[in-house]
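Undergrad: Just target-v9.cif, nothing more (mmCIF, C-alpha atoms):
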data_target
loop_
_atom_site.label_atom_id
_atom_site.label_comp_id
_atom_site.auth_asym_id
_atom_site.auth_seq_id
_atom_site.Cartn_x
_atom_site.Cartn_y
_atom_site.Cartn_z
CA MET A 29 22.97 5.16 23.65
CA SER A 30 24.53 2.01 22.17
CA ILE A 31 22.55 -1.21 22.29
CA PRO A 32 24.41 -4.05 24.06
CA ILE A 33 25.62 -6.67 21.60
CA TRP A 34 23.76 -9.50 23.34
CA ARG A 35 20.48 -7.63 23.02
CA ARG A 36 21.00 -6.94 19.34
CA CYS A 37 21.69 -10.64 18.70
CA VAL A 38 18.73 -11.86 20.72
CA VAL A 39 16.34 -9.37 19.13
CA ALA A 40 17.63 -10.21 15.65
CA LEU A 41 17.08 -13.90 16.38
CA ALA A 42 13.60 -13.30 17.73
CA CYS A 43 12.65 -11.13 14.74
CA LEU A 44 13.60 -13.68 12.08
CA VAL A 45 10.20 -14.83 10.88
CA VAL A 46 9.56 -17.26 8.03
CA ALA A 47 7.25 -15.39 5.69
CA GLY A 48 5.00 -16.70 2.97
CA PRO A 49 1.76 -15.88 1.21
CA ALA A 50 0.03 -15.63 4.60
CA HIS A 51 2.01 -12.46 5.17
CA LEU A 52 -0.33 -10.59 2.87
CA GLY A 53 -2.23 -10.06 6.12
CA ALA A 54 -5.72 -8.68 6.47
CA GLN A 55 -5.09 -5.77 4.10
CA THR A 56 -4.99 -6.96 0.47
CA THR A 57 -4.94 -3.65 -1.38
CA ALA A 58 -3.00 -0.44 -0.96
CA PRO A 59 -4.58 2.83 0.11
CA ALA A 60 -5.62 4.82 -2.95
CA SER A 61 -2.90 6.79 -4.76
CA GLN A 62 0.10 5.62 -2.72
CA ALA A 63 3.21 5.43 -4.90
CA VAL A 64 6.21 3.14 -4.48
CA LEU A 65 9.60 2.97 -6.21
CA VAL A 66 11.06 -0.50 -6.91
CA THR A 67 14.66 -0.69 -8.12
CA GLY A 68 15.93 -3.55 -10.27
CA ALA A 69 12.39 -4.27 -11.52
CA SER A 70 13.16 -5.61 -14.99
CA SER A 71 13.15 -9.30 -14.08
CA GLY A 72 13.13 -11.93 -11.34
CA ILE A 73 12.31 -10.89 -7.79
CA GLY A 74 12.12 -7.18 -8.65
CA ARG A 75 9.65 -7.78 -11.48
CA LYS A 76 7.45 -9.96 -9.27
CA ILE A 77 7.49 -7.31 -6.52
CA ALA A 78 6.57 -4.53 -8.96
CA GLU A 79 3.75 -6.54 -10.56
CA THR A 80 2.34 -7.59 -7.18
CA LEU A 81 2.33 -4.08 -5.77
CA ALA A 82 0.73 -2.65 -8.90
CA ALA A 83 -1.94 -5.36 -8.88
CA ARG A 84 -2.72 -4.57 -5.23
CA GLY A 85 -3.28 -0.87 -5.75
CA TYR A 86 0.05 0.90 -5.45
CA PHE A 87 1.24 3.09 -8.28
CA VAL A 88 4.67 1.63 -9.01
CA TYR A 89 7.67 3.45 -10.41
CA ALA A 90 9.67 0.50 -11.72
CA GLY A 91 13.38 1.10 -12.19
CA ALA A 92 15.33 -0.61 -14.97
CA ARG A 93 18.46 0.12 -16.98
CA LYS A 94 17.54 -0.94 -20.54
CA PRO A 95 15.08 1.12 -22.63
CA GLU A 96 13.21 -1.99 -23.74
CA ASP A 97 12.67 -3.02 -20.10
CA VAL A 98 11.46 0.46 -19.19
CA ALA A 99 8.96 0.31 -22.05
CA ALA A 100 7.73 -3.16 -21.05
CA LEU A 101 7.22 -2.09 -17.46
CA SER A 102 5.33 1.02 -18.54
CA ALA A 103 2.87 -1.19 -20.41
CA ILE A 104 1.72 -2.79 -17.15
CA PRO A 105 -1.35 -1.16 -15.56
CA ASN A 106 -0.63 1.06 -12.55
CA MET A 107 3.07 1.15 -13.38
CA GLN A 108 5.57 3.53 -14.92
CA GLY A 109 8.97 2.32 -15.98
CA ILE A 110 11.83 4.72 -15.28
CA THR A 111 15.47 4.57 -16.32
CA LEU A 112 17.40 3.87 -13.14
CA ASP A 113 20.87 2.47 -12.68
CA VAL A 114 21.56 2.70 -8.94
CA THR A 115 25.26 3.34 -9.61
CA VAL A 116 24.59 6.42 -11.78
CA ALA A 117 23.96 9.69 -9.95
CA ALA A 118 22.32 11.30 -12.98
CA ASP A 119 19.77 8.47 -13.22
CA ILE A 120 18.87 8.83 -9.56
CA ALA A 121 18.51 12.61 -9.84
CA ALA A 122 16.32 12.21 -12.93
CA ALA A 123 14.15 9.65 -11.10
CA VAL A 124 13.67 12.09 -8.21
CA ALA A 125 12.66 14.82 -10.67
CA THR A 126 10.25 12.52 -12.54
CA ILE A 127 8.51 11.32 -9.40
CA SER A 128 8.37 14.81 -7.91
CA ARG A 129 6.77 16.25 -11.06
CA ALA A 130 4.11 13.53 -11.09
CA GLY A 131 2.66 14.96 -7.89
CA ARG A 132 1.72 11.65 -6.24
CA GLY A 133 4.43 11.90 -3.61
CA LEU A 134 6.24 8.72 -2.65
CA PHE A 135 5.18 6.37 0.13
CA GLY A 136 7.75 3.63 -0.29
CA VAL A 137 11.15 2.69 -1.66
CA VAL A 138 11.93 -0.97 -2.29
CA ASN A 139 15.68 -1.36 -2.73
CA ASN A 140 15.84 -4.56 -4.74
CA ALA A 141 18.59 -3.99 -7.35
CA GLY A 142 21.47 -6.34 -6.70
CA VAL A 143 24.16 -8.49 -8.25
CA ALA A 144 26.19 -11.50 -7.19
CA ALA A 145 29.84 -12.45 -7.62
CA VAL A 146 31.37 -15.84 -6.90
CA ALA A 147 35.06 -16.39 -6.20
CA PRO A 148 37.43 -17.28 -3.36
CA LEU A 149 38.12 -14.13 -1.39
CA ILE A 150 41.89 -14.55 -1.77
CA GLU A 151 41.51 -14.64 -5.55
CA MET A 152 38.67 -12.20 -6.19
CA ASP A 153 39.53 -9.28 -8.43
CA GLU A 154 39.28 -6.02 -6.49
CA ARG A 155 37.34 -4.37 -9.30
CA GLU A 156 34.75 -7.15 -9.04
CA MET A 157 34.45 -6.61 -5.30
CA THR A 158 34.12 -2.86 -5.79
CA SER A 159 31.43 -3.31 -8.45
CA LEU A 160 29.48 -5.68 -6.20
CA PHE A 161 29.45 -3.19 -3.32
CA ASP A 162 28.68 -0.31 -5.68
CA VAL A 163 25.35 -1.96 -6.58
CA ASN A 164 24.41 -3.91 -3.44
CA VAL A 165 25.49 -1.47 -0.72
CA PHE A 166 26.05 1.99 -2.17
CA GLY A 167 23.05 1.60 -4.48
CA PRO A 168 20.50 1.46 -1.62
CA TYR A 169 22.42 4.19 0.21
CA ARG A 170 22.27 6.52 -2.82
CA VAL A 171 18.63 5.84 -3.69
CA THR A 172 17.31 6.10 -0.13
CA LYS A 173 19.29 9.27 0.54
CA ALA A 174 17.91 10.87 -2.61
CA PHE A 175 14.29 9.99 -1.81
CA ALA A 176 14.49 10.48 1.98
CA PRO A 177 12.76 13.91 1.91
CA MET A 178 9.77 12.38 0.09
CA LEU A 179 9.62 9.42 2.48
CA ILE A 180 9.77 11.76 5.48
CA ALA A 181 7.00 13.92 4.00
CA SER A 182 4.75 10.86 3.59
CA LYS A 183 5.84 9.11 6.81
CA GLY A 184 6.45 6.21 4.48
CA ARG A 185 8.38 2.97 4.27
CA MET A 186 11.74 1.72 3.07
CA VAL A 187 12.03 -1.99 2.31
CA GLN A 188 15.51 -3.39 1.78
CA ILE A 189 15.83 -6.69 -0.08
CA SER A 190 18.59 -8.53 1.72
CA SER A 191 19.08 -12.31 1.74
CA ILE A 192 19.56 -15.17 4.16
CA SER A 193 23.18 -14.58 3.07
CA GLY A 194 22.94 -11.50 5.28
CA ILE A 195 22.97 -13.97 8.18
CA LEU A 196 24.93 -16.83 6.62
CA SER A 197 28.33 -16.82 4.96
CA GLY A 198 30.25 -19.55 3.21
CA PRO A 199 32.97 -20.43 0.71
CA LEU A 200 33.00 -18.68 -2.69
CA LEU A 201 30.02 -16.49 -1.75
CA GLY A 202 31.92 -14.44 0.82
CA ALA A 203 31.81 -11.16 -1.13
CA TYR A 204 28.07 -11.43 -1.74
CA SER A 205 27.48 -12.29 1.92
CA MET A 206 29.63 -9.32 2.96
CA SER A 207 27.41 -7.01 0.91
CA LYS A 208 24.22 -8.45 2.40
CA HIS A 209 25.62 -8.28 5.94
CA ALA A 210 26.31 -4.60 5.19
CA VAL A 211 22.72 -3.85 4.13
CA GLU A 212 21.46 -5.60 7.27
CA ALA A 213 23.45 -3.10 9.36
CA TYR A 214 22.42 -0.26 7.05
CA ALA A 215 18.70 -0.95 7.44
CA ASP A 216 18.97 -1.39 11.22
CA ALA A 217 20.71 1.97 11.60
CA LEU A 218 18.46 3.70 9.06
CA GLY A 219 15.36 2.46 10.86
CA ALA A 220 16.57 3.99 14.10
CA GLU A 221 17.44 7.28 12.40
CA LEU A 222 14.24 7.65 10.35
CA GLY A 223 11.92 6.39 13.06
CA ARG A 224 11.79 9.87 14.61
CA PHE A 225 10.10 11.06 11.40
CA GLY A 226 7.57 8.24 11.28
CA VAL A 227 9.35 6.34 8.50
CA LYS A 228 9.49 2.57 9.01
CA VAL A 229 12.27 0.35 7.65
CA SER A 230 12.08 -3.40 7.04
CA LEU A 231 14.42 -6.06 5.70
CA VAL A 232 13.18 -8.89 3.48
CA GLU A 233 15.59 -11.83 3.51
CA PRO A 234 14.84 -14.34 0.75
CA GLY A 235 16.24 -17.81 0.38
CA ASN A 236 16.54 -19.41 -3.06
CA TYR A 237 13.92 -18.25 -5.54
CA ARG A 238 13.85 -18.06 -9.32
CA SER A 239 15.66 -14.99 -10.61
CA GLU A 240 18.11 -13.85 -13.27
CA ILE A 241 20.96 -13.79 -10.77
CA GLY A 242 21.96 -17.36 -11.66
CA ARG A 243 22.30 -16.68 -15.38
CA THR A 244 24.06 -13.35 -14.93
CA THR A 245 26.56 -14.82 -12.46
CA ILE A 246 27.64 -17.73 -14.66
CA LYS A 247 29.65 -15.47 -16.98
CA GLN A 248 31.34 -13.86 -13.99
CA ILE A 249 32.30 -17.28 -12.57
CA GLU A 250 33.61 -18.50 -15.92
CA ALA A 251 35.75 -15.35 -16.24
CA ALA A 252 37.13 -15.89 -12.73
CA ILE A 253 38.00 -19.50 -13.62
CA ALA A 254 39.78 -18.33 -16.77
CA ARG A 255 41.84 -15.82 -14.76
CA ALA A 256 43.02 -18.52 -12.34
CA PRO A 257 43.03 -21.83 -14.26
CA ASP A 258 45.33 -23.46 -11.67
CA SER A 259 43.29 -22.35 -8.67
CA PRO A 260 42.94 -24.93 -5.88
CA TYR A 261 39.25 -23.90 -5.89
CA ARG A 262 38.72 -24.89 -9.53
CA THR A 263 36.50 -27.88 -8.75
CA GLN A 264 34.30 -25.86 -6.38
CA MET A 265 34.04 -23.02 -8.91
CA ASN A 266 32.89 -25.46 -11.59
CA GLY A 267 30.34 -26.73 -9.09
CA MET A 268 29.03 -23.18 -8.62
CA VAL A 269 28.48 -22.86 -12.37
CA THR A 270 26.30 -25.98 -12.20
CA ALA A 271 24.46 -24.62 -9.15
CA MET A 272 23.75 -21.29 -10.86
CA ARG A 273 22.28 -23.11 -13.85
CA GLY A 274 19.75 -24.61 -11.45
CA TYR A 275 18.18 -21.25 -10.53
CA ASP A 276 15.39 -21.72 -13.06
CA ALA A 277 14.21 -24.73 -11.06
CA TYR A 278 13.59 -22.69 -7.91
CA PRO A 279 10.06 -21.50 -7.04
CA GLU A 280 8.68 -18.22 -8.34
CA PRO A 281 9.34 -15.40 -5.81
CA THR A 282 5.65 -14.90 -5.05
CA ALA A 283 6.23 -15.18 -1.30
CA VAL A 284 8.98 -12.55 -1.46
CA ALA A 285 6.60 -10.11 -3.13
CA ALA A 286 3.95 -10.93 -0.50
CA ALA A 287 6.42 -10.09 2.27
CA VAL A 288 7.23 -6.76 0.60
CA PHE A 289 3.52 -5.95 0.39
CA SER A 290 3.21 -6.73 4.10
CA ALA A 291 6.16 -4.51 4.95
CA LEU A 292 4.54 -1.64 3.05
CA SER A 293 0.94 -2.16 4.16
CA GLU A 294 0.92 -3.52 7.71
CA PRO A 295 0.30 -0.82 10.36
CA VAL A 296 3.29 -2.11 12.33
CA PRO A 297 5.64 -3.87 9.91
CA GLN A 298 8.21 -6.37 11.07
CA ALA A 299 11.86 -5.40 11.19
CA ARG A 300 12.69 -8.60 9.30
CA TYR A 301 10.82 -10.97 7.02
CA MET A 302 12.77 -14.14 6.31
CA VAL A 303 11.20 -15.76 3.25
CA VAL A 304 12.32 -19.28 2.32
CA PRO A 305 10.78 -21.90 0.02
CA GLU A 306 11.62 -24.85 2.22
CA ALA A 307 12.14 -25.44 5.94
CA ARG A 308 15.80 -26.45 5.72
CA GLN A 309 16.89 -23.00 4.51
CA GLY A 310 15.11 -21.38 7.44
CA GLU A 311 16.56 -23.85 9.93
CA ILE A 312 20.12 -23.28 8.72
CA THR A 313 19.67 -19.52 9.03
CA ILE A 314 18.17 -19.63 12.52
CA ARG A 315 20.83 -22.08 13.70
CA LYS A 316 23.55 -19.75 12.41
CA ALA A 317 22.07 -16.84 14.39
CA ILE A 318 21.95 -19.03 17.51
CA GLU A 319 25.53 -20.18 16.92
CA GLU A 320 26.76 -16.59 16.76
CA LEU A 321 24.88 -15.74 19.96
CA VAL A 322 26.55 -18.69 21.73
CA GLN A 323 29.98 -17.66 20.41
CA LEU A 324 29.48 -14.08 21.63
CA ASN A 325 28.60 -15.42 25.06
CA GLN A 326 31.55 -17.81 25.27
CA GLY A 327 34.54 -17.52 27.54
CA HIS A 328 34.49 -13.98 28.89
CA PRO A 329 33.91 -12.53 32.37
CA PHE A 330 30.36 -11.44 31.55
CA SER A 331 29.02 -14.66 30.04
CA TYR A 332 25.44 -15.57 30.84
CA ASP A 333 24.26 -18.98 31.91
CA ARG A 334 21.59 -20.92 30.03
CA ASP A 335 18.73 -19.70 32.22
CA LYS A 336 19.67 -16.06 31.67
CA LEU A 337 19.96 -16.53 27.90
CA ILE A 338 16.53 -18.16 27.75
CA LYS A 339 15.09 -15.33 29.83
CA MET A 340 16.57 -12.80 27.37
CA LEU A 341 15.06 -14.69 24.45
CA ASP A 342 11.66 -14.78 26.15
CA GLU A 343 11.86 -11.03 26.76
CA ALA A 344 12.74 -10.37 23.11
CA LEU A 345 9.88 -12.56 21.92
CA ALA A 346 7.47 -10.74 24.22
CA ARG A 347 8.53 -7.36 22.79
CA ILE A 348 7.60 -8.28 19.22
CA LYS A 349 4.19 -9.88 19.92
#
Now, as a test, write the supplied structure out as C-alpha cells.
TA:
Amino acid sequence: MSIPIWRRCVVALACLVVAGPAHLGAQTTAPASQAVLVTGASSGIGRKIAETLAARGYFVYAGARKPEDVAALSAIPNMQGITLDVTVAADIAAAVATISRAGRGLFGVVNNAGVAAVAPLIEMDEREMTSLFDVNVFGPYRVTKAFAPMLIASKGRMVQISSISGILSGPLLGAYSMSKHAVEAYADALGAELGRFGVKVSLVEPGNYRSEIGRTTIKQIEAAIARAPDSPYRTQMNGMVTAMRGYDAYPEPTAVAAAVFSALSEPVPQARYMVVPEARQGEITIRKAIEELVQLNQGHPFSYDRDKLIKMLDEALARIK
C-alpha cells in the first residue's frame, strides 16, 4: 500500500529532531561484543563516529582506502581498520569475508563515506556527477546489500549519514543535494523493507561540522572554474572556495557521533536525527520542509484547510511520542 504524499511530508516534518550530546540517552555503553562497520572512517565525521563507538563498547570495523589510514585505525583500542572503498566490489567482498571470519557477527552498518562536488548544474561535468552518485548513493546501496544477511541475522541497525542538504537544495550544491535527497528516500524504503526482519534504519542529518570535505572539495571547484573561465557563475564559485576553506572553523562533529550512538543503542531509534551546531541551520531546514508541505497542498481539488493540516501534524507528533 502506498503512503499518501501528505502523510509522508507531515511525518517527515514531525520526525526532524535537533540532536545533540543529550541524544546519548540513558544507555552510555554498547552491549558486550556487538560489532559495527563504519565506512569513510579515516577522518572528519567518520573518524569521530568510529572513535566514539569504540570508546562506548562497540567493536568497530573502520573502513578506509589508504593503507596508512587502515593502520592508524587499527591502533585504536576496540577497532580494526579494513580496506574499504565503497565503489570497489572487491573491497566490499573482502570486508564481508573479514568480518564473517572474525565470528563476532555484525550488529550495525554506519554508511558515512561521502564526497561533495560544487558546480552549476548546467555546467557540471557528467563524469563528476556520476562519481558523486557512485560514492554517495550507490556506495550505501552496495555496502548495505552486501551486509544485509548479517544485519538480518543480528536484527541489527543501519545508520545512514545524510545531511540537512537532504532536505534543502540551493545553487552550486545541487548535485550534492540530489545525492542526499536520494539517500533519504533509500533509507525510508529500506527501513520499511527490513523492518519485517527486525532491522531498524535511521538517518542522521548533520549541518555544518568540521570535516575534510571542505579541503577535498576545493580542488574540485578550482578545476571546474578552470574548465569554464567565462562562466556567469565565476564569482559565486570563487565564493564557494572561500566557504570551503572555512570548514576548519566549524565545531567538532561530537554531536553527530552522539546521534549515531543513539541510533544504534536506543531500543526504539528515531527515523531521523537532525544534528546542527546552531539554531539557524535547524530553522532553515524545518521551514523548508513546511514550505514543501504548503506547496504540495496548494491549488488542487483535494487541498486541506489550515485546521486539517494542523490536525494532521498533531496526529504525526502523537505517533512518535
Undergrad: Just say which residues the PyMOL selection byres ((chain A and resi 280) around 10) picks in this file, as a list of chain:residue names.
TA: A:Gly72, A:Ile73, A:Lys76, A:Asn236, A:Tyr237, A:Arg238, A:Ser239, A:Asp276, A:Ala277, A:Tyr278, A:Pro279, A:Pro281, A:Thr282, A:Ala283, A:Val284, A:Ala285, A:Pro305
Undergrad: Name the residues captured by the PyMOL selection byres ((chain A and resi 292) around 9) when it is applied to the shown file; answer as number ranges by chain.
TA: A: 58, 135-136, 184-187, 228, 230, 287-291, 293-295, 297
Undergrad: Please, what distance in Å, to one decimal, runs between CA of Asn140 (chain A) and CA of Gln188 (chain A)?
TA: 6.6 Å
Undergrad: Find the residues around Ala78 (chain A) up to 12 Å (all atoms listed in the file counted), leave out those fewer than 5 positions away in its own chain, and share them as a ChimeraX atom specification.
TA: /A:63-73,83-92,101-102,104-109,136-140,281-282,284-286,288-289
Undergrad: Between CA of Val146 (chain A) and CA of Asp258 (chain A), what is the spacing in Å?
TA: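 So the answer is 16.6 Å.
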Undergrad: Would you compute the distance between CA of Val303 (chain A) and CA of Ile195 (chain A)? Give it in Å to one decimal.
TA: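 For CA of Val303 (chain A) relative to CA of Ile195 (chain A), the distance reads 12.9 Å.
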Undergrad: Take the PyMOL selection byres ((chain A and resi 167-176) around 9), apply it to the structure above, and return the hits as a PyMOL selection string.
TA: chain A and resi 67+113-117+120-121+124+134+137-142+161-166+177-181+186+188+211+214+222
Undergrad: Those residues with C-alpha atoms, as a CSV table (one decimal), keeping the file's coordinate frame please?
TA:
chain,number,residue,atom,x,y,z
A,67,THR,CA,14.7,-0.7,-8.1
A,113,ASP,CA,20.9,2.5,-12.7
A,114,VAL,CA,21.6,2.7,-8.9
A,115,THR,CA,25.3,3.3,-9.6
A,116,VAL,CA,24.6,6.4,-11.8
A,117,ALA,CA,24.0,9.7,-10.0
A,120,ILE,CA,18.9,8.8,-9.6
A,121,ALA,CA,18.5,12.6,-9.8
A,124,VAL,CA,13.7,12.1,-8.2
A,134,LEU,CA,6.2,8.7,-2.6
A,137,VAL,CA,11.2,2.7,-1.7
A,138,VAL,CA,11.9,-1.0,-2.3
A,139,ASN,CA,15.7,-1.4,-2.7
A,140,ASN,CA,15.8,-4.6,-4.7
A,141,ALA,CA,18.6,-4.0,-7.4
A,142,GLY,CA,21.5,-6.3,-6.7
A,161,PHE,CA,29.4,-3.2,-3.3
A,162,ASP,CA,28.7,-0.3,-5.7
A,163,VAL,CA,25.4,-2.0,-6.6
A,164,ASN,CA,24.4,-3.9,-3.4
A,165,VAL,CA,25.5,-1.5,-0.7
A,166,PHE,CA,26.0,2.0,-2.2
A,177,PRO,CA,12.8,13.9,1.9
A,178,MET,CA,9.8,12.4,0.1
A,179,LEU,CA,9.6,9.4,2.5
A,180,ILE,CA,9.8,11.8,5.5
A,181,ALA,CA,7.0,13.9,4.0
A,186,MET,CA,11.7,1.7,3.1
A,188,GLN,CA,15.5,-3.4,1.8
A,211,VAL,CA,22.7,-3.8,4.1
A,214,TYR,CA,22.4,-0.3,7.0
A,222,LEU,CA,14.2,7.6,10.4
Undergrad: So that I can see what lies close to Arg315 (chain A), please list as a PDB file with C-alpha atoms, in the frame of the given file the residues with an atom at most 10 Å from it, counting only C-alpha atoms and leaving out residues fewer than 5 positions away in the same chain.
TA:
ATOM      1  CA  LEU A  41      17.080 -13.900  16.380  1.00  0.00           C
ATOM      2  CA  LEU A 196      24.930 -16.830   6.620  1.00  0.00           C
ATOM      3  CA  GLY A 310      15.110 -21.380   7.440  1.00  0.00           C
ATOM      4  CA  GLU A 320      26.760 -16.590  16.760  1.00  0.00           C
ATOM      5  CA  LEU A 321      24.880 -15.740  19.960  1.00  0.00           C
TER       6      LEU A 321
END
Undergrad: When distances are computed from all atoms listed in the file, which of A:Leu345, A:Ala100, A:Ala299, A:Ala217 shows the smallest separation from Arg75 (chain A)?
TA: A:Ala100
Undergrad: Specify the axis-aligned box that encloses all atoms of region 336-343 of chain A listed in the file after padding of 5 Å on each side, stating its centre and edge lengths in Å to one decimal as AutoDock Vina command-line options.
TA:
--center_x 15.8 --center_y -14.6 --center_z 28.1 --size_x 18.3 --size_y 17.1 --size_z 17.2
Undergrad: Using only C-alpha atoms, determine which residues lie at most 10 Å from Gly242 (chain A), disregarding the query and same-chain residues fewer than 5 positions distant; provide the list as a tab-separated table (two decimals) with C-alpha atoms, in the frame of the given file.
TA:
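This went into around07.tsv:
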chain	number	residue	atom	x	y	z
A	143	VAL	CA	24.16	-8.49	-8.25
A	144	ALA	CA	26.19	-11.50	-7.19
A	247	LYS	CA	29.65	-15.47	-16.98
A	268	MET	CA	29.03	-23.18	-8.62
A	269	VAL	CA	28.48	-22.86	-12.37
A	270	THR	CA	26.30	-25.98	-12.20
A	271	ALA	CA	24.46	-24.62	-9.15
A	272	MET	CA	23.75	-21.29	-10.86
A	273	ARG	CA	22.28	-23.11	-13.85
A	274	GLY	CA	19.75	-24.61	-11.45
A	275	TYR	CA	18.18	-21.25	-10.53
A	276	ASP	CA	15.39	-21.72	-13.06
Undergrad: Enumerate, as a VMD selection string, the protein, DNA and RNA residues whose atoms approach (21.7, -17.9, 10.4) to within 10 Å, taking into account all atoms listed in the file and the coordinate frame of the file.
TA: chain A and resid 41 44 192 to 197 309 to 320
